[in-house]
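Source file: work_16.txt. Holds: compact mmCIF, C-alpha atoms.
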# COMPACT_ATOMS: atom_id res chain seq x y z
CA MET A 29 67.65 26.42 78.85
CA THR A 30 69.68 23.97 76.82
CA ASN A 31 68.78 25.67 73.55
CA LEU A 32 70.55 28.87 74.50
CA GLN A 33 73.57 29.75 72.46
CA TRP A 34 75.77 28.65 75.30
CA GLN A 35 78.77 28.15 73.03
CA ASP A 36 79.03 31.89 72.44
CA VAL A 37 78.71 32.84 76.08
CA VAL A 38 81.84 34.12 77.73
CA VAL A 39 81.44 33.48 81.43
CA ASP A 40 83.22 36.45 82.91
CA LYS A 41 82.63 38.98 85.66
CA ALA A 42 80.10 40.89 83.56
CA ALA A 43 78.13 37.73 82.74
CA ARG A 44 78.06 36.67 86.37
CA ARG A 45 76.88 40.11 87.44
CA ARG A 46 74.06 39.94 84.88
CA VAL A 47 72.83 36.61 86.20
CA ASN A 48 73.02 37.91 89.78
CA CYS A 49 71.31 41.19 88.84
CA HIS A 50 73.76 43.14 90.96
CA GLY A 51 77.34 44.29 90.77
CA SER A 52 80.24 43.00 92.77
CA ALA A 53 82.74 44.75 94.99
CA VAL A 54 84.70 44.31 98.18
CA VAL A 55 83.64 46.10 101.33
CA TRP A 56 86.90 46.37 103.26
CA LEU A 57 86.29 47.00 106.96
CA THR A 58 89.35 48.30 108.80
CA GLY A 59 89.65 49.27 112.44
CA LEU A 60 91.05 48.34 115.82
CA SER A 61 90.47 45.01 117.48
CA GLY A 62 87.14 45.39 119.28
CA ALA A 63 86.06 48.27 117.03
CA GLY A 64 83.03 46.31 115.85
CA LYS A 65 84.13 45.17 112.39
CA SER A 66 82.71 41.65 112.69
CA THR A 67 79.40 42.86 114.07
CA VAL A 68 78.99 45.30 111.20
CA ALA A 69 80.12 42.64 108.71
CA VAL A 70 77.61 40.05 109.89
CA THR A 71 74.80 42.61 109.99
CA LEU A 72 75.66 43.83 106.50
CA GLU A 73 75.75 40.28 105.14
CA ARG A 74 72.31 39.57 106.61
CA LEU A 75 70.83 42.75 105.17
CA LEU A 76 72.25 42.00 101.73
CA HIS A 77 71.21 38.35 101.82
CA ALA A 78 67.65 39.45 102.60
CA ARG A 79 67.78 41.52 99.38
CA GLY A 80 68.80 38.45 97.38
CA VAL A 81 72.36 39.72 97.02
CA ARG A 82 75.14 37.13 96.74
CA THR A 83 77.71 37.75 99.45
CA TYR A 84 80.72 36.27 101.11
CA LEU A 85 82.44 37.24 104.33
CA LEU A 86 86.21 36.92 104.64
CA ASP A 87 87.44 37.30 108.18
CA GLY A 88 90.21 36.13 110.41
CA ASP A 89 88.38 32.96 111.28
CA ASN A 90 87.89 31.46 107.86
CA MET A 91 91.25 32.70 106.59
CA ARG A 92 93.55 31.95 109.51
CA HIS A 93 92.17 28.43 109.87
CA GLY A 94 92.57 27.66 106.19
CA LEU A 95 94.41 29.57 103.51
CA SER A 96 96.62 31.43 105.98
CA SER A 97 97.08 28.57 108.43
CA ASP A 98 100.77 28.51 107.57
CA LEU A 99 101.22 32.12 108.68
CA GLY A 100 102.02 33.53 112.10
CA PHE A 101 101.70 37.06 113.42
CA THR A 102 105.08 38.54 112.57
CA PRO A 103 104.86 41.78 110.59
CA ARG A 104 105.87 39.89 107.45
CA ASP A 105 103.24 37.19 107.96
CA ARG A 106 100.55 39.78 108.71
CA ILE A 107 101.33 41.53 105.45
CA GLU A 108 101.20 38.22 103.57
CA ASN A 109 97.87 37.40 105.24
CA ILE A 110 96.39 40.69 104.06
CA ARG A 111 97.76 40.12 100.56
CA ARG A 112 96.07 36.72 100.44
CA VAL A 113 92.77 38.07 101.72
CA ALA A 114 92.91 40.77 99.06
CA GLU A 115 93.71 38.25 96.32
CA VAL A 116 90.87 35.96 97.39
CA ALA A 117 88.55 38.97 97.54
CA ARG A 118 89.57 39.78 93.98
CA LEU A 119 88.60 36.27 92.87
CA MET A 120 85.30 36.56 94.77
CA VAL A 121 84.53 39.91 93.15
CA ASP A 122 85.39 38.33 89.79
CA ALA A 123 82.93 35.59 90.72
CA GLY A 124 80.22 38.23 91.08
CA LEU A 125 79.93 38.39 94.86
CA ILE A 126 79.69 41.32 97.24
CA THR A 127 82.67 40.37 99.35
CA ILE A 128 83.00 41.66 102.88
CA ALA A 129 86.52 41.64 104.31
CA ALA A 130 86.80 42.34 108.03
CA LEU A 131 90.41 42.76 109.10
CA ILE A 132 92.27 45.15 111.38
CA SER A 133 94.61 45.87 108.40
CA PRO A 134 96.37 48.62 110.35
CA PHE A 135 98.77 49.91 107.69
CA ARG A 136 97.85 52.38 104.96
CA ASN A 137 100.34 50.89 102.57
CA GLU A 138 98.81 47.42 102.74
CA ARG A 139 95.33 48.79 102.24
CA ARG A 140 96.63 50.76 99.28
CA LEU A 141 98.13 47.58 97.80
CA ALA A 142 94.86 45.75 98.36
CA ARG A 143 92.92 48.53 96.62
CA ALA A 144 95.30 48.38 93.66
CA LEU A 145 94.11 44.85 92.84
CA PHE A 146 90.63 46.11 92.00
CA ASP A 147 89.02 48.10 89.26
CA GLN A 148 87.88 51.63 89.99
CA GLY A 149 84.94 51.63 92.40
CA GLU A 150 85.25 47.98 93.36
CA PHE A 151 87.16 48.56 96.58
CA ILE A 152 85.10 50.25 99.27
CA GLU A 153 87.21 51.15 102.28
CA VAL A 154 85.14 51.45 105.43
CA PHE A 155 86.75 52.83 108.56
CA ILE A 156 85.14 51.37 111.64
CA ASP A 157 86.13 54.25 113.85
CA THR A 158 86.18 53.43 117.54
CA PRO A 159 88.47 55.21 120.00
CA LEU A 160 91.12 52.98 121.48
CA ALA A 161 89.78 53.60 124.99
CA VAL A 162 86.34 52.33 123.95
CA ALA A 163 87.68 49.29 122.09
CA GLU A 164 89.93 48.46 125.02
CA GLN A 165 87.08 48.74 127.46
CA ARG A 166 84.95 46.39 125.35
CA ASP A 167 87.87 43.96 124.90
CA PRO A 168 85.52 41.17 123.78
CA LYS A 169 88.31 38.62 123.44
CA GLY A 170 90.41 39.76 126.41
CA LEU A 171 93.24 40.59 124.03
CA TYR A 172 93.90 44.13 125.21
CA ALA A 173 94.35 42.90 128.76
CA LYS A 174 96.93 40.40 127.57
CA ALA A 175 98.66 43.01 125.42
CA ARG A 176 98.89 45.40 128.40
CA LEU A 177 100.49 42.59 130.39
CA GLY A 178 102.96 42.02 127.57
CA GLN A 179 101.59 38.54 126.89
CA ILE A 180 100.81 39.53 123.30
CA LYS A 181 103.34 41.54 121.35
CA ASP A 182 102.86 43.87 118.37
CA PHE A 183 99.23 44.36 119.32
CA THR A 184 97.59 47.06 117.23
CA GLY A 185 96.88 50.17 119.30
CA ILE A 186 99.11 49.10 122.18
CA ASP A 187 102.63 48.49 120.92
CA SER A 188 101.95 48.53 117.19
CA PRO A 189 100.39 51.48 115.35
CA TYR A 190 96.99 51.73 113.73
CA GLU A 191 97.14 54.08 110.76
CA ALA A 192 93.65 55.46 110.40
CA PRO A 193 92.42 55.90 106.82
CA GLU A 194 92.81 59.44 105.55
CA GLN A 195 90.27 59.11 102.79
CA ALA A 196 88.02 56.18 103.60
CA ASP A 197 85.03 55.77 101.29
CA ILE A 198 82.86 55.46 104.40
CA ALA A 199 83.70 56.27 108.02
CA ILE A 200 81.52 55.00 110.82
CA ASP A 201 81.73 56.31 114.35
CA THR A 202 80.60 53.35 116.42
CA THR A 203 80.13 55.49 119.50
CA VAL A 204 77.09 57.06 117.80
CA SER A 205 76.04 54.51 115.14
CA SER A 206 74.66 51.04 115.75
CA ALA A 207 75.77 48.06 113.64
CA LEU A 208 72.44 48.22 111.81
CA GLN A 209 72.90 51.91 111.06
CA ALA A 210 76.41 51.18 109.81
CA ALA A 211 75.25 48.30 107.60
CA THR A 212 72.42 50.44 106.24
CA LEU A 213 74.85 53.24 105.42
CA ILE A 214 77.12 50.84 103.53
CA THR A 215 74.14 49.41 101.66
CA GLU A 216 73.01 52.90 100.69
CA TYR A 217 76.50 53.69 99.47
CA MET A 218 76.37 50.67 97.15
CA LEU A 219 72.89 51.64 95.96
CA THR A 220 74.08 55.15 95.12
CA ALA A 221 77.18 53.78 93.38
CA GLY A 222 74.98 51.52 91.25
CA ILE A 223 76.61 48.37 92.61
CA LEU A 224 73.24 47.30 93.95
CA PRO A 225 70.06 47.77 91.96
CA PRO A 226 67.33 50.01 93.38
CA ASP A 227 64.93 48.52 95.91
CA GLY A 228 62.36 46.26 94.33
CA SER A 229 64.38 45.48 91.23
CA SER A 230 66.76 42.98 92.70
CA GLU A 231 64.82 39.82 92.00
CA PRO A 232 67.23 37.43 90.37
CA SER A 233 66.47 36.65 86.76
CA LEU A 234 68.18 35.16 83.78
CA SER A 235 67.52 38.16 81.60
CA GLY A 236 71.22 38.72 81.07
CA LEU A 237 71.45 35.52 79.08
CA THR A 238 69.11 36.68 76.38
CA GLU A 239 69.90 40.33 76.31
CA SER A 240 70.86 41.78 72.96
CA PRO A 241 74.12 43.59 72.39
CA PRO A 242 73.82 47.35 72.36
CA PRO A 243 72.76 48.73 68.96
CA MET B 5 62.29 42.75 101.16
CA THR B 6 63.24 44.97 104.08
CA ASN B 7 60.48 43.57 106.25
CA LEU B 8 61.92 40.08 106.25
CA GLN B 9 63.16 38.78 109.54
CA TRP B 10 66.70 39.39 108.44
CA GLN B 11 67.99 39.51 111.97
CA ASP B 12 67.32 35.82 112.41
CA VAL B 13 68.93 34.76 109.16
CA VAL B 14 72.21 32.95 109.46
CA VAL B 15 74.02 33.49 106.19
CA ASP B 16 75.85 30.22 105.79
CA LYS B 17 76.50 27.70 103.06
CA ALA B 18 72.99 26.26 103.33
CA ALA B 19 71.40 29.72 103.09
CA ARG B 20 73.47 30.63 100.05
CA ARG B 21 72.57 27.35 98.37
CA ARG B 22 68.88 28.05 98.98
CA VAL B 23 69.07 31.48 97.35
CA ASN B 24 70.98 30.00 94.40
CA CYS B 25 68.59 27.05 94.09
CA HIS B 26 71.47 24.67 93.59
CA GLY B 27 74.15 23.02 95.66
CA SER B 28 77.83 23.77 95.63
CA ALA B 29 80.84 21.58 95.06
CA VAL B 30 84.27 21.59 93.49
CA VAL B 31 84.86 19.82 90.19
CA TRP B 32 88.56 19.00 90.35
CA LEU B 33 89.98 18.30 86.90
CA THR B 34 93.31 16.48 86.99
CA GLY B 35 95.43 15.29 84.07
CA LEU B 36 98.56 15.87 82.04
CA SER B 37 99.46 19.17 80.48
CA GLY B 38 97.65 19.19 77.15
CA ALA B 39 95.11 16.62 78.31
CA GLY B 40 92.25 19.05 77.72
CA LYS B 41 91.43 20.18 81.26
CA SER B 42 90.96 23.84 80.39
CA THR B 43 88.79 23.08 77.37
CA VAL B 44 86.53 20.85 79.45
CA ALA B 45 86.50 23.42 82.25
CA VAL B 46 85.44 26.31 80.01
CA THR B 47 82.80 24.18 78.27
CA LEU B 48 81.43 23.01 81.61
CA GLU B 49 81.29 26.56 82.95
CA ARG B 50 79.36 27.71 79.89
CA LEU B 51 76.89 24.83 80.12
CA LEU B 52 76.29 25.53 83.81
CA HIS B 53 76.01 29.29 83.33
CA ALA B 54 73.33 28.69 80.68
CA ARG B 55 71.38 26.77 83.36
CA GLY B 56 71.59 29.74 85.71
CA VAL B 57 74.14 27.98 87.90
CA ARG B 58 76.66 30.15 89.76
CA THR B 59 80.16 29.04 88.89
CA TYR B 60 83.79 29.99 89.20
CA LEU B 61 86.83 28.63 87.43
CA LEU B 62 90.14 28.38 89.24
CA ASP B 63 93.02 27.66 86.93
CA GLY B 64 96.71 28.30 86.64
CA ASP B 65 96.13 31.67 85.03
CA ASN B 66 94.07 33.37 87.69
CA MET B 67 95.97 31.73 90.55
CA ARG B 68 99.57 31.99 89.39
CA HIS B 69 99.14 35.66 88.50
CA GLY B 70 97.58 36.53 91.82
CA LEU B 71 97.35 34.49 94.99
CA SER B 72 100.26 32.21 94.04
CA SER B 73 102.39 34.86 92.36
CA ASP B 74 104.99 34.42 95.11
CA LEU B 75 105.43 30.74 94.26
CA GLY B 76 107.73 29.08 91.77
CA PHE B 77 107.66 25.57 90.35
CA THR B 78 109.76 23.66 92.82
CA PRO B 79 108.04 20.57 94.22
CA ARG B 80 107.43 22.44 97.47
CA ASP B 81 105.94 25.46 95.73
CA ARG B 82 103.75 23.27 93.53
CA ILE B 83 102.35 21.56 96.61
CA GLU B 84 101.71 24.95 98.25
CA ASN B 85 99.99 26.16 95.09
CA ILE B 86 97.65 23.19 95.12
CA ARG B 87 96.95 23.71 98.81
CA ARG B 88 95.98 27.33 98.16
CA VAL B 89 93.77 26.41 95.21
CA ALA B 90 92.04 23.84 97.39
CA GLU B 91 91.58 26.35 100.24
CA VAL B 92 90.15 28.97 97.88
CA ALA B 93 87.89 26.33 96.36
CA ARG B 94 86.66 25.55 99.86
CA LEU B 95 85.76 29.20 100.42
CA MET B 96 84.04 29.32 97.01
CA VAL B 97 82.03 26.19 97.81
CA ASP B 98 81.13 27.77 101.14
CA ALA B 99 80.01 30.80 99.13
CA GLY B 100 77.58 28.56 97.23
CA LEU B 101 79.40 28.28 93.92
CA ILE B 102 80.06 25.32 91.66
CA THR B 103 83.81 25.72 91.57
CA ILE B 104 85.84 24.23 88.74
CA ALA B 105 89.52 23.68 89.47
CA ALA B 106 91.69 22.78 86.50
CA LEU B 107 95.18 21.80 87.55
CA ILE B 108 97.61 19.05 86.57
CA SER B 109 97.78 18.14 90.29
CA PRO B 110 99.90 15.07 89.51
CA PHE B 111 100.25 13.56 92.98
CA ARG B 112 97.63 11.36 94.65
CA ASN B 113 98.59 12.59 98.09
CA GLU B 114 97.92 16.24 97.25
CA ARG B 115 94.58 15.42 95.70
CA ARG B 116 93.75 13.43 98.81
CA LEU B 117 94.65 16.40 101.01
CA ALA B 118 92.53 18.67 98.83
CA ARG B 119 89.55 16.29 99.10
CA ALA B 120 89.94 16.20 102.87
CA LEU B 121 89.04 19.90 103.07
CA PHE B 122 85.52 19.22 101.83
CA ASP B 123 82.40 17.60 103.13
CA GLN B 124 81.34 14.24 101.75
CA GLY B 125 80.25 14.56 98.12
CA GLU B 126 81.54 18.10 97.66
CA PHE B 127 84.81 17.09 95.98
CA ILE B 128 84.31 15.60 92.53
CA GLU B 129 87.57 14.28 91.14
CA VAL B 130 87.55 14.15 87.35
CA PHE B 131 90.38 12.40 85.58
CA ILE B 132 90.95 13.95 82.17
CA ASP B 133 92.55 10.84 80.75
CA THR B 134 94.71 11.47 77.72
CA PRO B 135 97.69 9.26 76.83
CA LEU B 136 101.02 11.02 77.15
CA ALA B 137 101.72 10.47 73.46
CA VAL B 138 98.50 12.25 72.51
CA ALA B 139 99.05 15.15 74.94
CA GLU B 140 102.64 15.50 73.75
CA GLN B 141 101.58 15.53 70.11
CA ARG B 142 99.00 18.27 70.83
CA ASP B 143 101.53 20.26 72.89
CA PRO B 144 99.39 23.41 72.68
CA LYS B 145 101.88 25.54 74.60
CA GLY B 146 105.06 23.96 73.22
CA LEU B 147 105.97 22.83 76.71
CA TYR B 148 106.64 19.18 75.94
CA ALA B 149 109.13 20.17 73.26
CA LYS B 150 110.96 22.33 75.77
CA ALA B 151 110.85 19.59 78.39
CA ARG B 152 112.31 17.06 75.95
CA LEU B 153 115.12 19.51 75.27
CA GLY B 154 115.73 19.84 78.99
CA GLN B 155 114.71 23.50 78.95
CA ILE B 156 111.97 22.80 81.50
CA LYS B 157 112.69 20.54 84.42
CA ASP B 158 110.34 18.44 86.54
CA PHE B 159 107.78 18.45 83.76
CA THR B 160 104.90 16.11 84.49
CA GLY B 161 104.98 13.06 82.25
CA ILE B 162 108.55 13.64 81.09
CA ASP B 163 110.85 13.80 84.08
CA SER B 164 108.25 14.02 86.84
CA PRO B 165 105.55 11.40 87.40
CA TYR B 166 101.80 11.74 86.90
CA GLU B 167 99.96 9.53 89.36
CA ALA B 168 96.68 8.70 87.69
CA PRO B 169 93.66 8.61 89.98
CA GLU B 170 92.76 5.11 91.10
CA GLN B 171 89.19 5.93 92.04
CA ALA B 172 88.21 9.12 90.27
CA ASP B 173 84.56 10.07 90.58
CA ILE B 174 84.50 10.55 86.81
CA ALA B 175 87.06 9.47 84.21
CA ILE B 176 86.98 10.92 80.73
CA ASP B 177 88.89 9.43 77.84
CA THR B 178 89.50 12.43 75.62
CA THR B 179 90.49 10.22 72.69
CA VAL B 180 86.83 9.20 72.38
CA SER B 181 84.88 12.01 74.15
CA SER B 182 84.59 15.62 73.04
CA ALA B 183 84.79 18.47 75.52
CA LEU B 184 81.02 18.91 75.23
CA GLN B 185 80.44 15.22 75.95
CA ALA B 186 82.76 15.48 78.93
CA ALA B 187 81.04 18.60 80.28
CA THR B 188 77.64 16.98 79.78
CA LEU B 189 78.78 13.88 81.67
CA ILE B 190 79.97 16.00 84.60
CA THR B 191 76.70 17.95 84.60
CA GLU B 192 74.73 14.70 84.64
CA TYR B 193 76.84 13.47 87.53
CA MET B 194 75.90 16.57 89.53
CA LEU B 195 72.23 16.18 88.58
CA THR B 196 72.24 12.57 89.78
CA ALA B 197 74.05 13.55 92.97
CA GLY B 198 71.41 16.20 93.66
CA ILE B 199 73.96 19.01 93.55
CA LEU B 200 72.07 20.51 90.63
CA PRO B 201 68.28 20.60 90.55
CA PRO B 202 66.46 18.71 87.77
CA ASP B 203 66.10 20.44 84.40
CA GLY B 204 63.45 23.11 84.42
CA SER B 205 63.56 23.76 88.13
CA SER B 206 66.71 25.84 88.29
CA GLU B 207 65.18 29.28 87.91
CA PRO B 208 66.64 31.41 90.66
CA SER B 209 64.19 32.47 93.30
CA LEU B 210 64.19 33.84 96.79
CA SER B 211 62.08 31.02 98.14
CA GLY B 212 64.73 30.06 100.63
CA LEU B 213 64.22 33.30 102.47
CA THR B 214 60.62 32.65 103.31
CA GLU B 215 60.60 28.90 103.69
CA SER B 216 59.26 27.55 106.92
CA PRO B 217 61.28 25.33 109.18
CA PRO B 218 60.45 21.64 108.89
CA PRO B 219 57.46 20.63 111.05
Could you quickly redo this structure as structure tokens?
Amino acid sequence: MTNLQWQDVVVDKAARRRVNCHGSAVVWLTGLSGAGKSTVAVTLERLLHARGVRTYLLDGDNMRHGLSSDLGFTPRDRIENIRRVAEVARLMVDAGLITIAALISPFRNERRLARALFDQGEFIEVFIDTPLAVAEQRDPKGLYAKARLGQIKDFTGIDSPYEAPEQADIAIDTTVSSALQAATLITEYMLTAGILPPDGSSEPSLSGLTESPPP
Amino acid sequence: MTNLQWQDVVVDKAARRRVNCHGSAVVWLTGLSGAGKSTVAVTLERLLHARGVRTYLLDGDNMRHGLSSDLGFTPRDRIENIRRVAEVARLMVDAGLITIAALISPFRNERRLARALFDQGEFIEVFIDTPLAVAEQRDPKGLYAKARLGQIKDFTGIDSPYEAPEQADIAIDTTVSSALQAATLITEYMLTAGILPPDGSSEPSLSGLTESPPP
């Protein structure tokens, strides 16, 4: 390995994708609290990992406890949180990873700004479409109950709007699709888009390092 | 690949390291403007890439133009910038990457706070040690000249202090070491620490996916 012409190598997004043998993109999961974003995200990450795909999951937990720990839940802070998630996702995509972002991200304008950070085809907007009544009935964290009691303000779907995507790249109706079906659909989308290599060809290799420039 | 027991896989830092066949850590390069941090960083990234190691470089350019674009250069904003770099580096290390951070990061306390975000051995502080006179003579961006004229304020080394590391993990005297020698030294440090596998064993594989639990 040490005899490679390493001096001439430019380590950029293209080089990192070659070493990984797959493309990179952000899968942006948007939907109500309780819609099932995290379940789909975790299932998708497991499916991809099993294919040897390099992934990272950005969610409220690892952002709010770290990079966004200085932010609250005012509209301004929520917008700043989404901006930071999008900027980190951009770095992760530059690093060659399939990055999964799972955030309510209720406003079209913020999602549009997030998309604008990425090259064409790198931002995959996935609408995790669950009716409010269903999400509220699930209420896995008891947040809807608190919002109905007025103990949480500006709660998306209750006293703050959720602006459903008008042209999501993928829309998943969780009342008819399981998390595995959703994750499979997203994987197939990336296969069709050429972000992931076809089945059976995704073994990592170092071929990119020795490949010749096009004639 | 689709028959693997993907449901049972927890995709965490350990799993990502197994797929990559190397550990992850942040190499934090600190030193004066003009000390040679970026040159060492780029050389190190190329050396590691040629070994098949997954890397990412965080520097002023890709941070200040994106995640930290809302920040200026006041002491408070500089501290916030370093905090964000450290938090992103933590996510990148969690993602399984050897992350190279090249920042002046002049204050011991900030570097200490950055280190505190990482597990033992994951934060490698590298002092790019160049005398002020040498850095000022190089002045690759013409910044020292401007600082001497008072056109830039709070410039590290001129009218703002640089607190040299007292116990850096690696110290590199750039008046006697080339960038390649520096990058080689850092690589050897990571080999000795077990962060990188020995030469010849770093071919990527998917062995981690099928490995049995310890008996």
Residues within 7 Å of (76.3, 29.5, 94.9), file coords, all atoms listed in the file, listed as a VMD selection string: chain B and resid 20 to 21 24 26 to 28 58 99 to 102
The selected residues should be written to file as a CSV table (one decimal), in the frame of the given file (atoms: C-alpha atoms).
chain,number,residue,atom,x,y,z
B,20,ARG,CA,73.5,30.6,100.0
B,21,ARG,CA,72.6,27.4,98.4
B,24,ASN,CA,71.0,30.0,94.4
B,26,HIS,CA,71.5,24.7,93.6
B,27,GLY,CA,74.2,23.0,95.7
B,28,SER,CA,77.8,23.8,95.6
B,58,ARG,CA,76.7,30.2,89.8
B,99,ALA,CA,80.0,30.8,99.1
B,100,GLY,CA,77.6,28.6,97.2
B,101,LEU,CA,79.4,28.3,93.9
B,102,ILE,CA,80.1,25.3,91.7
All residues 10 Å or closer to Gln209 in chain A, only C-alpha atoms, same chain fewer than 3 positions away omitted, as a list in words: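 Listed by chain and then number, they are Val68, Thr71, Leu72, Ile200, Thr202, Val204, Ser205, Ser206, Thr212, Leu213, Ile214 and Thr215 of chain A.
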Between CA of Gly178 in chain A and CA of Val113 in chain A - distance in Å to one decimal: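 Computed distance, CA of Val113 in chain A to CA of Gly178 in chain A, equals 28.1 Å.
For the residues B:Trp32, B:Tyr166, B:Phe122, B:Phe77, ranking by smallest atom-to-atom distance to chain A using all atoms listed in the file places B:Phe122 first.
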Point-to-point distance in Å for CA of Gly100 in chain A and CA of Ser188 in chain A: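 Distance reported for this atom pair: 15.8 Å.
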Contact residues around Glu170 in chain B with all atoms listed in the file at 10 Å, ignoring same-chain residues under 5 positions, as an NGL selection string: :B and (112 or 131 or 175)
Residue with smallest distance to chain B - pool A:Leu95, A:Val55, A:Ala117, A:Val81, counting all atoms listed in the file: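 Among the listed residues, the smallest separation from chain B belongs to A:Leu95.
Between CA of Ala42 in chain A and CA of Asp16 in chain B the separation is 25.0 Å.
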Just want the 12 Å neighbourhood of Lys181 in chain A, counted on only C-alpha atoms, with same-chain residues fewer than 6 positions away dropped. Output as an mmCIF file with C-alpha atoms, in the coordinates of the input.
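Contents of the output file selection-v5.cif:
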data_model
loop_
_atom_site.group_PDB
_atom_site.id
_atom_site.type_symbol
_atom_site.label_atom_id
_atom_site.label_comp_id
_atom_site.auth_asym_id
_atom_site.auth_seq_id
_atom_site.Cartn_x
_atom_site.Cartn_y
_atom_site.Cartn_z
ATOM 1 C CA PHE A 101 101.700 37.060 113.420
ATOM 2 C CA THR A 102 105.080 38.540 112.570
ATOM 3 C CA PRO A 103 104.860 41.780 110.590
ATOM 4 C CA LEU A 171 93.240 40.590 124.030
ATOM 5 C CA TYR A 172 93.900 44.130 125.210
ATOM 6 C CA ALA A 173 94.350 42.900 128.760
ATOM 7 C CA LYS A 174 96.930 40.400 127.570
ATOM 8 C CA ALA A 175 98.660 43.010 125.420
ATOM 9 C CA ASP A 187 102.630 48.490 120.920
ATOM 10 C CA SER A 188 101.950 48.530 117.190
ATOM 11 C CA PRO A 189 100.390 51.480 115.350
#
Closest of B:Ser37, B:Thr103, B:Gln171, B:Thr160 to chain A - atom-to-atom distances counting all atoms listed in the file: B:Thr103
Exercise: Ala43 in chain A partners within 10 Å, all atoms listed in the file, chain neighbours under 4 positions left out, as a VMD selection string: (chain A and resid 37 to 39 47 to 49 123 to 124 236 to 237) or (chain B and resid 53)
Can you sort out the box for range 130-135 of chain B, edges along x, y and z, all listed atoms in, 3 Å on every side, with centre and edge lengths in Å to one decimal, as JSON?
{"center_x": 92.6, "center_y": 11.7, "center_z": 82.1, "size_x": 16.1, "size_y": 10.9, "size_z": 16.5}
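Nearest-residue note for Val70 in chain A: choosing from A:Val162, A:Leu208, A:Ala196, A:Ile152, the minimum distance belongs to A:Leu208, counting all atoms listed in the file.
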Counting all atoms listed in the file, the residue of A:Ala78, A:Val121, A:Ala130, A:Ala210 that sits nearest Glu150 in chain A: A:Val121
Exercise: Gly94 in chain A partners within 9 Å, only C-alpha atoms, chain neighbours under 5 positions left out, as a list in words: Asp89 of chain A; Arg88, Glu91, Val92 and Arg94 of chain B
Which residue of A:Ala161, A:Ala211, A:Ala114, A:Ala221 approaches Ala144 in chain A most closely, using only C-alpha atoms: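 Using only C-alpha atoms, the shortest distance to Ala144 in chain A belongs to A:Ala114.
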Is there a way to complete range 120-129 of chain A with N, CA, C and O atoms and then write that out as a short mmCIF file (atom, residue, chain, number, x, y, z; two decimals), keeping the file's coordinate frame?
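Once written, part-v6.cif looks like this:
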data_model
loop_
_atom_site.label_atom_id
_atom_site.label_comp_id
_atom_site.auth_asym_id
_atom_site.auth_seq_id
_atom_site.Cartn_x
_atom_site.Cartn_y
_atom_site.Cartn_z
N MET A 120 86.72 36.56 94.39
CA MET A 120 85.30 36.56 94.77
C MET A 120 84.55 37.66 94.03
O MET A 120 83.40 37.47 93.61
N VAL A 121 85.16 38.81 93.89
CA VAL A 121 84.53 39.91 93.15
C VAL A 121 84.42 39.52 91.67
O VAL A 121 83.41 39.78 91.01
N ASP A 122 85.45 38.85 91.16
CA ASP A 122 85.39 38.33 89.79
C ASP A 122 84.26 37.30 89.65
O ASP A 122 83.62 37.20 88.59
N ALA A 123 84.00 36.59 90.72
CA ALA A 123 82.93 35.59 90.72
C ALA A 123 81.55 36.23 90.87
O ALA A 123 80.54 35.52 90.84
N GLY A 124 81.50 37.53 91.06
CA GLY A 124 80.22 38.23 91.08
C GLY A 124 79.65 38.50 92.46
O GLY A 124 78.49 38.89 92.59
N LEU A 125 80.44 38.28 93.50
CA LEU A 125 79.93 38.39 94.86
C LEU A 125 80.26 39.74 95.49
O LEU A 125 81.31 40.33 95.24
N ILE A 126 79.35 40.24 96.33
CA ILE A 126 79.69 41.32 97.24
C ILE A 126 80.49 40.68 98.37
O ILE A 126 79.96 39.88 99.15
N THR A 127 81.75 41.02 98.43
CA THR A 127 82.67 40.37 99.35
C THR A 127 82.96 41.32 100.50
O THR A 127 83.30 42.49 100.28
N ILE A 128 82.79 40.83 101.70
CA ILE A 128 83.00 41.66 102.88
C ILE A 128 84.27 41.16 103.56
O ILE A 128 84.33 39.99 103.95
N ALA A 129 85.27 42.01 103.66
CA ALA A 129 86.52 41.64 104.31
C ALA A 129 86.62 42.42 105.61
O ALA A 129 86.56 43.65 105.61
#
